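Colleague: Input structure: input.cif, which contains mmCIF, C-alpha atoms and all ligand atoms; chains and numbers go by the auth columns.
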data_final
loop_
_atom_site.group_PDB
_atom_site.id
_atom_site.type_symbol
_atom_site.label_atom_id
_atom_site.label_comp_id
_atom_site.label_asym_id
_atom_site.label_seq_id
_atom_site.Cartn_x
_atom_site.Cartn_y
_atom_site.Cartn_z
_atom_site.B_iso_or_equiv
_atom_site.auth_seq_id
_atom_site.auth_asym_id
ATOM 1 C CA MET A 1 21.539 -34.192 2.635 0.00 133 A
ATOM 2 C CA HIS A 2 21.950 -36.513 -0.360 0.00 134 A
ATOM 3 C CA PRO A 3 21.579 -34.534 -3.622 0.00 135 A
ATOM 4 C CA LEU A 4 18.875 -36.930 -4.842 0.00 136 A
ATOM 5 C CA VAL A 5 16.851 -36.440 -1.685 0.00 137 A
ATOM 6 C CA ARG A 6 17.386 -32.682 -1.971 0.00 138 A
ATOM 7 C CA GLY A 7 16.228 -32.794 -5.606 0.00 139 A
ATOM 8 C CA PHE A 8 13.129 -34.765 -4.679 0.00 140 A
ATOM 9 C CA LEU A 9 12.262 -32.363 -1.857 0.00 141 A
ATOM 10 C CA ASP A 10 12.742 -29.420 -4.232 0.00 142 A
ATOM 11 C CA LEU A 11 10.160 -30.985 -6.544 0.00 143 A
ATOM 12 C CA LEU A 12 7.707 -31.414 -3.699 0.00 144 A
ATOM 13 C CA TYR A 13 8.439 -28.104 -2.028 0.00 145 A
ATOM 14 C CA PRO A 14 10.137 -25.876 -4.594 0.00 146 A
ATOM 15 C CA PRO A 15 12.333 -23.236 -2.967 0.00 147 A
ATOM 16 C CA ARG A 16 10.522 -19.920 -3.009 0.00 148 A
ATOM 17 C CA CYS A 17 10.757 -16.471 -1.501 0.00 149 A
ATOM 18 C CA GLU A 18 8.949 -16.450 1.834 0.00 150 A
ATOM 19 C CA ALA A 19 7.910 -12.826 1.362 0.00 151 A
ATOM 20 C CA CYS A 20 6.512 -12.733 -2.200 0.00 152 A
ATOM 21 C CA GLY A 21 6.242 -16.420 -3.073 0.00 153 A
ATOM 22 C CA ARG A 22 8.447 -16.137 -6.178 0.00 154 A
ATOM 23 C CA LEU A 23 9.932 -19.500 -7.122 0.00 155 A
ATOM 24 C CA GLY A 24 13.637 -20.152 -7.054 0.00 156 A
ATOM 25 C CA GLU A 25 15.024 -17.664 -4.603 0.00 157 A
ATOM 26 C CA ALA A 26 14.761 -18.903 -1.048 0.00 158 A
ATOM 27 C CA PRO A 27 14.329 -17.902 1.659 0.00 159 A
ATOM 28 C CA ILE A 28 13.932 -14.285 0.533 0.00 160 A
ATOM 29 C CA CYS A 29 14.520 -12.919 -2.958 0.00 161 A
ATOM 30 C CA GLU A 30 16.826 -10.060 -3.955 0.00 162 A
ATOM 31 C CA GLU A 31 13.902 -7.915 -4.992 0.00 163 A
ATOM 32 C CA CYS A 32 12.155 -8.253 -1.619 0.00 164 A
ATOM 33 C CA LEU A 33 15.410 -7.634 0.232 0.00 165 A
ATOM 34 C CA ALA A 34 15.934 -4.451 -1.780 0.00 166 A
ATOM 35 C CA GLN A 35 12.435 -3.256 -0.850 0.00 167 A
ATOM 36 C CA ILE A 36 13.030 -3.561 2.887 0.00 168 A
ATOM 37 C CA GLU A 37 13.437 -0.032 4.167 0.00 169 A
ATOM 38 C CA LEU A 38 16.153 0.505 6.753 0.00 170 A
ATOM 39 C CA VAL A 39 15.599 3.020 9.544 0.00 171 A
ATOM 40 C CA GLU A 40 17.523 6.214 8.857 0.00 172 A
ATOM 41 C CA ALA A 41 18.449 9.198 11.003 0.00 173 A
ATOM 42 C CA PRO A 42 17.138 11.307 12.614 0.00 174 A
ATOM 43 C CA VAL A 43 15.835 9.168 15.487 0.00 175 A
ATOM 44 C CA CYS A 44 15.336 9.735 19.218 0.00 176 A
ATOM 45 C CA ARG A 45 18.747 9.350 20.812 0.00 177 A
ATOM 46 C CA VAL A 46 17.308 7.032 23.480 0.00 178 A
ATOM 47 C CA CYS A 47 14.425 4.937 22.125 0.00 179 A
ATOM 48 C CA GLY A 48 15.172 5.200 18.398 0.00 180 A
ATOM 49 C CA GLU A 49 11.738 6.643 17.502 0.00 181 A
ATOM 50 C CA PRO A 50 12.156 7.953 13.936 0.00 182 A
ATOM 51 C CA PHE A 51 11.629 11.692 13.635 0.00 183 A
ATOM 52 C CA ASP A 52 10.204 13.626 10.752 0.00 184 A
ATOM 53 C CA PRO A 53 13.382 15.257 9.424 0.00 185 A
ATOM 54 C CA LEU A 54 11.356 18.358 8.583 0.00 186 A
ATOM 55 C CA ALA A 55 9.739 18.728 11.986 0.00 187 A
ATOM 56 C CA GLN A 56 11.848 17.497 14.894 0.00 188 A
ATOM 57 C CA ALA A 57 14.571 19.561 16.484 0.00 189 A
ATOM 58 C CA ALA A 58 15.133 17.988 19.947 0.00 190 A
ATOM 59 C CA PRO A 59 17.525 15.017 20.248 0.00 191 A
ATOM 60 C CA THR A 60 15.034 12.957 22.284 0.00 192 A
ATOM 61 C CA CYS A 61 11.313 12.274 21.964 0.00 193 A
ATOM 62 C CA LEU A 62 8.720 13.538 24.431 0.00 194 A
ATOM 63 C CA ARG A 63 8.425 10.159 26.174 0.00 195 A
ATOM 64 C CA CYS A 64 12.150 9.794 26.727 0.00 196 A
ATOM 65 C CA ARG A 65 12.365 13.377 27.981 0.00 197 A
ATOM 66 C CA SER A 66 9.623 12.788 30.539 0.00 198 A
ATOM 67 C CA GLY A 67 11.046 9.699 32.217 0.00 199 A
ATOM 68 C CA ARG A 68 14.040 7.428 32.566 0.00 200 A
ATOM 69 C CA ARG A 69 14.099 4.338 30.402 0.00 201 A
ATOM 70 C CA ALA A 70 15.312 0.977 31.678 0.00 202 A
ATOM 71 C CA PHE A 71 17.500 0.696 28.576 0.00 203 A
ATOM 72 C CA THR A 72 20.054 3.305 27.573 0.00 204 A
ATOM 73 C CA ARG A 73 19.451 2.972 23.842 0.00 205 A
ATOM 74 C CA ALA A 74 17.102 1.134 21.501 0.00 206 A
ATOM 75 C CA ARG A 75 17.439 0.827 17.750 0.00 207 A
ATOM 76 C CA ALA A 76 15.662 -1.097 15.012 0.00 208 A
ATOM 77 C CA ALA A 77 17.199 -2.205 11.736 0.00 209 A
ATOM 78 C CA ALA A 78 14.211 -1.720 9.436 0.00 210 A
ATOM 79 C CA TYR A 79 10.606 -0.624 9.199 0.00 211 A
ATOM 80 C CA TYR A 80 7.876 -3.151 9.743 0.00 212 A
ATOM 81 C CA ALA A 81 6.459 -2.584 6.268 0.00 213 A
ATOM 82 C CA GLY A 82 6.557 -4.023 2.761 0.00 214 A
ATOM 83 C CA PRO A 83 8.002 -7.542 2.316 0.00 215 A
ATOM 84 C CA LEU A 84 9.344 -7.600 5.872 0.00 216 A
ATOM 85 C CA VAL A 85 5.804 -7.961 7.282 0.00 217 A
ATOM 86 C CA GLN A 86 5.242 -11.226 5.431 0.00 218 A
ATOM 87 C CA ALA A 87 8.797 -12.427 6.098 0.00 219 A
ATOM 88 C CA ILE A 88 8.424 -11.927 9.866 0.00 220 A
ATOM 89 C CA TYR A 89 5.028 -13.589 9.799 0.00 221 A
ATOM 90 C CA ARG A 90 6.395 -16.640 7.982 0.00 222 A
ATOM 91 C CA PHE A 91 9.406 -16.696 10.285 0.00 223 A
ATOM 92 C CA LYS A 92 7.370 -16.650 13.498 0.00 224 A
ATOM 93 C CA TYR A 93 4.132 -18.395 12.727 0.00 225 A
ATOM 94 C CA TYR A 94 5.049 -20.787 9.919 0.00 226 A
ATOM 95 C CA GLY A 95 8.261 -21.952 11.533 0.00 227 A
ATOM 96 C CA GLN A 96 10.415 -20.790 8.616 0.00 228 A
ATOM 97 C CA MET A 97 13.600 -20.881 10.669 0.00 229 A
ATOM 98 C CA VAL A 98 15.674 -20.470 7.488 0.00 230 A
ATOM 99 C CA LEU A 99 14.671 -16.796 7.576 0.00 231 A
ATOM 100 C CA GLY A 100 16.713 -16.350 10.745 0.00 232 A
ATOM 101 C CA ARG A 101 19.885 -15.896 8.735 0.00 233 A
ATOM 102 C CA PRO A 102 18.838 -13.205 6.193 0.00 234 A
ATOM 103 C CA LEU A 103 16.783 -11.333 8.790 0.00 235 A
ATOM 104 C CA GLY A 104 19.644 -11.518 11.276 0.00 236 A
ATOM 105 C CA ARG A 105 21.968 -10.217 8.552 0.00 237 A
ATOM 106 C CA LEU A 106 19.785 -7.119 8.214 0.00 238 A
ATOM 107 C CA MET A 107 20.413 -6.423 11.910 0.00 239 A
ATOM 108 C CA VAL A 108 24.137 -7.018 11.536 0.00 240 A
ATOM 109 C CA GLU A 109 24.280 -4.603 8.586 0.00 241 A
ATOM 110 C CA ALA A 110 22.312 -1.998 10.510 0.00 242 A
ATOM 111 C CA LEU A 111 24.878 -2.127 13.311 0.00 243 A
ATOM 112 C CA GLU A 112 27.489 -0.952 10.872 0.00 244 A
ATOM 113 C CA ARG A 113 25.716 2.106 9.577 0.00 245 A
ATOM 114 C CA GLY A 114 22.905 4.493 10.414 0.00 246 A
ATOM 115 C CA PRO A 115 21.210 4.932 13.786 0.00 247 A
ATOM 116 C CA ALA A 116 21.871 1.359 14.993 0.00 248 A
ATOM 117 C CA ALA A 117 25.634 2.022 14.865 0.00 249 A
ATOM 118 C CA GLU A 118 25.007 4.311 17.864 0.00 250 A
ATOM 119 C CA LEU A 119 24.424 1.194 19.957 0.00 251 A
ATOM 120 C CA GLU A 120 28.220 0.822 20.002 0.00 252 A
ATOM 121 C CA VAL A 121 28.095 -2.943 20.117 0.00 253 A
ATOM 122 C CA GLU A 122 31.874 -3.028 20.585 0.00 254 A
ATOM 123 C CA LYS A 123 31.106 -1.918 24.152 0.00 255 A
ATOM 124 C CA VAL A 124 28.720 -4.828 24.797 0.00 256 A
ATOM 125 C CA ASP A 125 29.648 -7.981 26.741 0.00 257 A
ATOM 126 C CA LEU A 126 26.725 -10.291 26.028 0.00 258 A
ATOM 127 C CA VAL A 127 23.761 -10.763 23.728 0.00 259 A
ATOM 128 C CA CYS A 128 20.473 -11.881 25.287 0.00 260 A
ATOM 129 C CA PRO A 129 17.272 -12.759 23.409 0.00 261 A
ATOM 130 C CA VAL A 130 13.808 -11.918 24.713 0.00 262 A
ATOM 131 C CA PRO A 131 12.599 -15.313 25.940 0.00 263 A
ATOM 132 C CA LEU A 132 9.361 -17.060 25.070 0.00 264 A
ATOM 133 C CA HIS A 133 7.299 -18.625 27.816 0.00 265 A
ATOM 134 C CA PRO A 134 8.005 -22.405 27.873 0.00 266 A
ATOM 135 C CA SER A 135 4.423 -23.154 26.789 0.00 267 A
ATOM 136 C CA ARG A 136 4.781 -20.890 23.728 0.00 268 A
ATOM 137 C CA LEU A 137 8.222 -22.318 22.993 0.00 269 A
ATOM 138 C CA ARG A 138 6.786 -25.843 22.966 0.00 270 A
ATOM 139 C CA GLU A 139 4.016 -24.752 20.643 0.00 271 A
ATOM 140 C CA ARG A 140 6.311 -22.876 18.223 0.00 272 A
ATOM 141 C CA GLY A 141 9.349 -25.132 18.542 0.00 273 A
ATOM 142 C CA PHE A 142 11.871 -22.309 18.514 0.00 274 A
ATOM 143 C CA ASN A 143 12.382 -18.777 19.759 0.00 275 A
ATOM 144 C CA GLN A 144 12.655 -16.371 16.830 0.00 276 A
ATOM 145 C CA SER A 145 14.469 -13.789 18.966 0.00 277 A
ATOM 146 C CA ALA A 146 17.089 -16.371 19.932 0.00 278 A
ATOM 147 C CA LEU A 147 17.793 -17.113 16.253 0.00 279 A
ATOM 148 C CA LEU A 148 18.225 -13.397 15.533 0.00 280 A
ATOM 149 C CA ALA A 149 20.395 -12.995 18.631 0.00 281 A
ATOM 150 C CA GLU A 150 22.633 -15.837 17.430 0.00 282 A
ATOM 151 C CA GLU A 151 23.178 -14.182 14.045 0.00 283 A
ATOM 152 C CA VAL A 152 24.116 -10.873 15.650 0.00 284 A
ATOM 153 C CA ALA A 153 26.335 -12.481 18.272 0.00 285 A
ATOM 154 C CA GLU A 154 28.137 -14.645 15.745 0.00 286 A
ATOM 155 C CA ALA A 155 28.874 -11.679 13.472 0.00 287 A
ATOM 156 C CA ARG A 156 30.219 -9.634 16.380 0.00 288 A
ATOM 157 C CA SER A 157 31.998 -12.537 18.171 0.00 289 A
ATOM 158 C CA LEU A 158 29.904 -12.115 21.297 0.00 290 A
ATOM 159 C CA PRO A 159 28.442 -14.797 23.565 0.00 291 A
ATOM 160 C CA VAL A 160 24.649 -15.333 23.595 0.00 292 A
ATOM 161 C CA ARG A 161 23.299 -16.006 27.045 0.00 293 A
ATOM 162 C CA PRO A 162 19.710 -16.763 28.102 0.00 294 A
ATOM 163 C CA LEU A 163 19.732 -14.309 30.994 0.00 295 A
ATOM 164 C CA LEU A 164 15.970 -13.914 31.271 0.00 296 A
ATOM 165 C CA ALA A 165 13.085 -16.175 32.127 0.00 297 A
ATOM 166 C CA ARG A 166 9.427 -15.572 31.407 0.00 298 A
ATOM 167 C CA VAL A 167 7.899 -16.247 34.767 0.00 299 A
ATOM 168 C CA ARG A 168 4.296 -16.103 33.653 0.00 300 A
ATOM 169 C CA PRO A 169 2.553 -16.526 30.319 0.00 301 A
ATOM 170 C CA THR A 170 1.355 -13.338 28.639 0.00 302 A
ATOM 171 C CA LEU A 171 -1.021 -12.633 25.788 0.00 303 A
ATOM 172 C CA PRO A 172 0.615 -11.839 22.439 0.00 304 A
ATOM 173 C CA GLN A 173 1.208 -8.080 22.506 0.00 305 A
ATOM 174 C CA VAL A 174 -0.032 -7.728 18.917 0.00 306 A
ATOM 175 C CA ASP A 175 -3.515 -8.805 20.028 0.00 307 A
ATOM 176 C CA LEU A 176 -3.770 -6.007 22.593 0.00 308 A
ATOM 177 C CA PRO A 177 -4.394 -2.274 22.329 0.00 309 A
ATOM 178 C CA PRO A 178 -1.267 -0.253 23.194 0.00 310 A
ATOM 179 C CA SER A 179 -2.838 0.865 26.489 0.00 311 A
ATOM 180 C CA SER A 180 -3.030 -2.729 27.811 0.00 312 A
ATOM 181 C CA ARG A 181 0.410 -3.859 26.748 0.00 313 A
ATOM 182 C CA ARG A 182 2.293 -2.594 29.752 0.00 314 A
ATOM 183 C CA ALA A 183 0.029 -4.382 32.222 0.00 315 A
ATOM 184 C CA ASN A 184 0.176 -7.564 30.131 0.00 316 A
ATOM 185 C CA VAL A 185 3.953 -7.891 30.462 0.00 317 A
ATOM 186 C CA HIS A 186 4.401 -6.239 33.866 0.00 318 A
ATOM 187 C CA ASN A 187 6.733 -8.416 35.960 0.00 319 A
ATOM 188 C CA ALA A 188 6.512 -11.173 33.350 0.00 320 A
ATOM 189 C CA PHE A 189 10.308 -11.544 33.259 0.00 321 A
ATOM 190 C CA ALA A 190 12.928 -12.408 35.830 0.00 322 A
ATOM 191 C CA PRO A 191 16.698 -12.449 35.692 0.00 323 A
ATOM 192 C CA ARG A 192 18.380 -15.821 35.698 0.00 324 A
ATOM 193 C CA LEU A 193 22.063 -16.730 35.797 0.00 325 A
ATOM 194 C CA GLN A 194 22.484 -13.687 38.058 0.00 326 A
ATOM 195 C CA GLU A 195 26.230 -14.272 38.411 0.00 327 A
ATOM 196 C CA GLU A 196 26.518 -13.821 34.619 0.00 328 A
ATOM 197 C CA ILE A 197 24.414 -10.654 34.524 0.00 329 A
ATOM 198 C CA ALA A 198 25.990 -8.654 37.325 0.00 330 A
ATOM 199 C CA GLY A 199 28.177 -5.854 36.000 0.00 331 A
ATOM 200 C CA LYS A 200 27.635 -6.807 32.339 0.00 332 A
ATOM 201 C CA ARG A 201 26.660 -4.627 29.393 0.00 333 A
ATOM 202 C CA VAL A 202 23.858 -6.504 27.689 0.00 334 A
ATOM 203 C CA LEU A 203 22.450 -6.216 24.174 0.00 335 A
ATOM 204 C CA LEU A 204 18.836 -7.339 24.286 0.00 336 A
ATOM 205 C CA VAL A 205 17.482 -8.692 20.980 0.00 337 A
ATOM 206 C CA ASP A 206 13.909 -9.066 19.753 0.00 338 A
ATOM 207 C CA ASP A 207 12.068 -9.083 16.447 0.00 339 A
ATOM 208 C CA LEU A 208 9.798 -6.067 16.970 0.00 340 A
ATOM 209 C CA PHE A 209 9.824 -2.829 18.913 0.00 341 A
ATOM 210 C CA THR A 210 6.258 -1.538 18.990 0.00 342 A
ATOM 211 C CA THR A 211 5.350 0.254 22.210 0.00 343 A
ATOM 212 C CA GLY A 212 8.570 -0.972 23.799 0.00 344 A
ATOM 213 C CA ALA A 213 6.631 -2.451 26.739 0.00 345 A
ATOM 214 C CA THR A 214 8.132 -5.945 26.475 0.00 346 A
ATOM 215 C CA LEU A 215 11.657 -4.662 25.978 0.00 347 A
ATOM 216 C CA THR A 216 11.271 -2.238 28.873 0.00 348 A
ATOM 217 C CA GLU A 217 10.183 -5.080 31.154 0.00 349 A
ATOM 218 C CA CYS A 218 13.103 -7.236 29.999 0.00 350 A
ATOM 219 C CA ALA A 219 15.541 -4.386 30.558 0.00 351 A
ATOM 220 C CA ARG A 220 14.083 -3.822 34.044 0.00 352 A
ATOM 221 C CA ALA A 221 14.576 -7.508 34.875 0.00 353 A
ATOM 222 C CA LEU A 222 18.202 -7.376 33.693 0.00 354 A
ATOM 223 C CA ARG A 223 18.749 -4.267 35.796 0.00 355 A
ATOM 224 C CA ARG A 224 17.283 -6.102 38.794 0.00 356 A
ATOM 225 C CA GLY A 225 19.940 -8.714 38.053 0.00 357 A
ATOM 226 C CA GLU A 226 22.466 -5.857 38.296 0.00 358 A
ATOM 227 C CA ALA A 227 23.355 -5.558 34.622 0.00 359 A
ATOM 228 C CA ALA A 228 25.607 -2.524 34.200 0.00 360 A
ATOM 229 C CA GLU A 229 23.797 -1.410 31.049 0.00 361 A
ATOM 230 C CA VAL A 230 21.064 -2.648 28.734 0.00 362 A
ATOM 231 C CA LYS A 231 20.818 -1.736 25.043 0.00 363 A
ATOM 232 C CA VAL A 232 18.146 -2.960 22.660 0.00 364 A
ATOM 233 C CA LEU A 233 18.347 -4.062 19.044 0.00 365 A
ATOM 234 C CA THR A 234 15.276 -5.192 17.147 0.00 366 A
ATOM 235 C CA LEU A 235 14.804 -6.315 13.593 0.00 367 A
ATOM 236 C CA ALA A 236 11.916 -3.947 12.949 0.00 368 A
ATOM 237 C CA ARG A 237 9.689 -1.215 14.258 0.00 369 A
ATOM 238 C CA PRO A 238 6.443 0.184 12.832 0.00 370 A
ATOM 239 C CA LEU A 239 6.422 3.160 10.531 0.00 371 A
ATOM 240 C CA PRO A 240 6.068 6.325 12.604 0.00 372 A
ATOM 241 C CA GLN A 241 2.707 8.109 12.556 0.00 373 A
ATOM 242 C CA TRP A 242 3.969 10.786 10.190 0.00 374 A
ATOM 243 C CA ARG A 243 4.911 8.155 7.611 0.00 375 A
ATOM 244 C CA ARG A 244 1.642 6.233 7.598 0.00 376 A
ATOM 245 C CA PRO A 245 -0.785 6.571 4.697 0.00 377 A
ATOM 246 C CA GLY A 246 -3.116 9.499 5.299 0.00 378 A
ATOM 247 C CA ALA A 247 -0.713 11.246 7.691 0.00 379 A
ATOM 248 C CA ASP A 248 -0.593 14.297 5.412 0.00 380 A
ATOM 249 C CA LEU A 249 -4.355 14.498 5.366 0.00 381 A
ATOM 250 C CA ARG A 250 -4.631 14.124 9.138 0.00 382 A
ATOM 251 C CA ALA A 251 -1.980 16.775 9.692 0.00 383 A
ATOM 252 C CA ALA A 252 -3.748 19.111 7.258 0.00 384 A
ATOM 253 C CA ALA A 253 -7.088 18.508 9.001 0.00 385 A
ATOM 254 C CA SER A 254 -5.655 19.149 12.456 0.00 386 A
ATOM 255 C CA ASN A 255 -4.150 22.434 11.249 0.00 387 A
ATOM 256 C CA GLN A 256 -7.502 23.761 10.149 0.00 388 A
HETATM 257 ZN ZN ZN B . 10.442 -12.006 -2.809 0.00 1 B
HETATM 258 ZN ZN ZN B . 12.555 8.361 22.698 0.00 2 B
#
Could you express the structure from this file as structure tokens?
Modeller:
Amino acid sequence: MHPLVRGFLDLLYPPRCEACGRLGEAPICEECLAQIELVEAPVCRVCGEPFDPLAQAAPTCLRCRSGRRAFTRARAAAYYAGPLVQAIYRFKYYGQMVLGRPLGRLMVEALERGPAAELEVEKVDLVCPVPLHPSRLRERGFNQSALLAEEVAEARSLPVRPLLARVRPTLPQVDLPPSSRRANVHNAFAPRLQEEIAGKRVLLVDDLFTTGATLTECARALRRGEAAEVKVLTLARPLPQWRRPGADLRAAASNQ
């Protein structure tokens, strides 16, 4: 872009942090970045659920102990809290694609340390984003998971392949109670490019791991396409129950 045009645009739309609105530091300021809390050990060995370091002894959570997961491992880079909530919101719903790079970098950094390093991305063949339904893609103009997948893949010199298709539209999971989420996404995905999936170790990428319903369905579809293994990396996951405000009070009340 011509510097004059750039200067004019900066006057009209001054660069600002997408998380706190501070002028000058786009797309996300140093202070907000520093406030984003990365997920630390201990976590469930399978699904990455963060454990209370003072309470949990078993290596896996109750859910992972009671049934097989379609993915072998899932990890999130950071907690869905603080400035990251606003950043993800601006990224997804305000089309702030420029956030793809710094948010993707958080995932890349997480792969090098902490629980996400246990994904062993060096043993992965392909990166695959969770797809949007074509109608949603048209409306939004881009797939936020694909942008994150590209950042991760580029940093680790891996190919990104669109191995999944959304075969029916679903309601946004955030609008549904956890109990309805599984039914909402059940059989919503299908493998495509089967010849590229068969025998491959796939790293599935999405922005959020909440109940894991969407990622489980995607992993199931990849397994139907004969993927050898599916691992999951997300940008964020919610704070665990024991970290939420009032958790101490609830725990104290339930002990009475
Ligand atoms: Zn900021
Ligand atoms: Zn688990």
Colleague: Using all atoms listed in the file, which protein or nucleic acid residues are at most 8 Å from ligand ZN 2 (chain B), as a ChimeraX atom specification?
Modeller: /A:175-181,192-197
Colleague: Produce as JSON, numbers by chain the set of residues near ligand ZN 1 (chain B), where near means within 9 Å with only C-alpha atoms and all ligand atoms considered.
Modeller: {"A": [148, 149, 150, 151, 152, 153, 154, 155, 157, 158, 159, 160, 161, 162, 163, 164, 165, 215]}
Colleague: Out of A:Ser289, A:Asn316, A:Asn275, A:Gln373, which residue has the shortest atom-to-atom distance to A:Asp338 when counting all atoms listed in the file?
Modeller: A:Asn275
Colleague: At a cut-off of 9 Å from (13.6, -19.2, 14.3) in the coordinates of the file, what residues are picked up using only C-alpha atoms, written as a ChimeraX atom specification?
Modeller: /A:223-224,227-232,273-280
Colleague: Taking into account all atoms listed in the file, which residue in the set A:Phe140, A:Tyr221, A:Phe203, A:Tyr145 is nearest to A:Arg333?
Modeller: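 Closest candidate: A:Phe203.
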Colleague: Residues of stretch 187-235 of chain A that have any atom at most 9 Å from an atom of stretch 340-355 of chain A: could you tabulate them with the shortest-distance atom pair and the distance in Å to one decimal, using all atoms listed in the file, ordered by chain and increasing number, as a tab-separated table?
Modeller:
residue	atom	partner	partner_atom	distance
A:Arg201	CA	A:Thr348	CA	7.3
A:Ala202	CA	A:Ala351	CA	5.5
A:Phe203	CA	A:Ala351	CA	5.8
A:Ala206	CA	A:Phe341	CA	8.7
A:Arg207	CA	A:Phe341	CA	8.5
A:Ala208	CA	A:Phe341	CA	7.2
A:Tyr212	CA	A:Leu340	CA	8.0
Colleague: Measure the distance from atom CA of A:Arg356 to atom CA of A:Pro323 in Å and round it to one decimal.
Modeller: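 Taking atom CA of A:Arg356 and atom CA of A:Pro323, their separation equals 7.1 Å.
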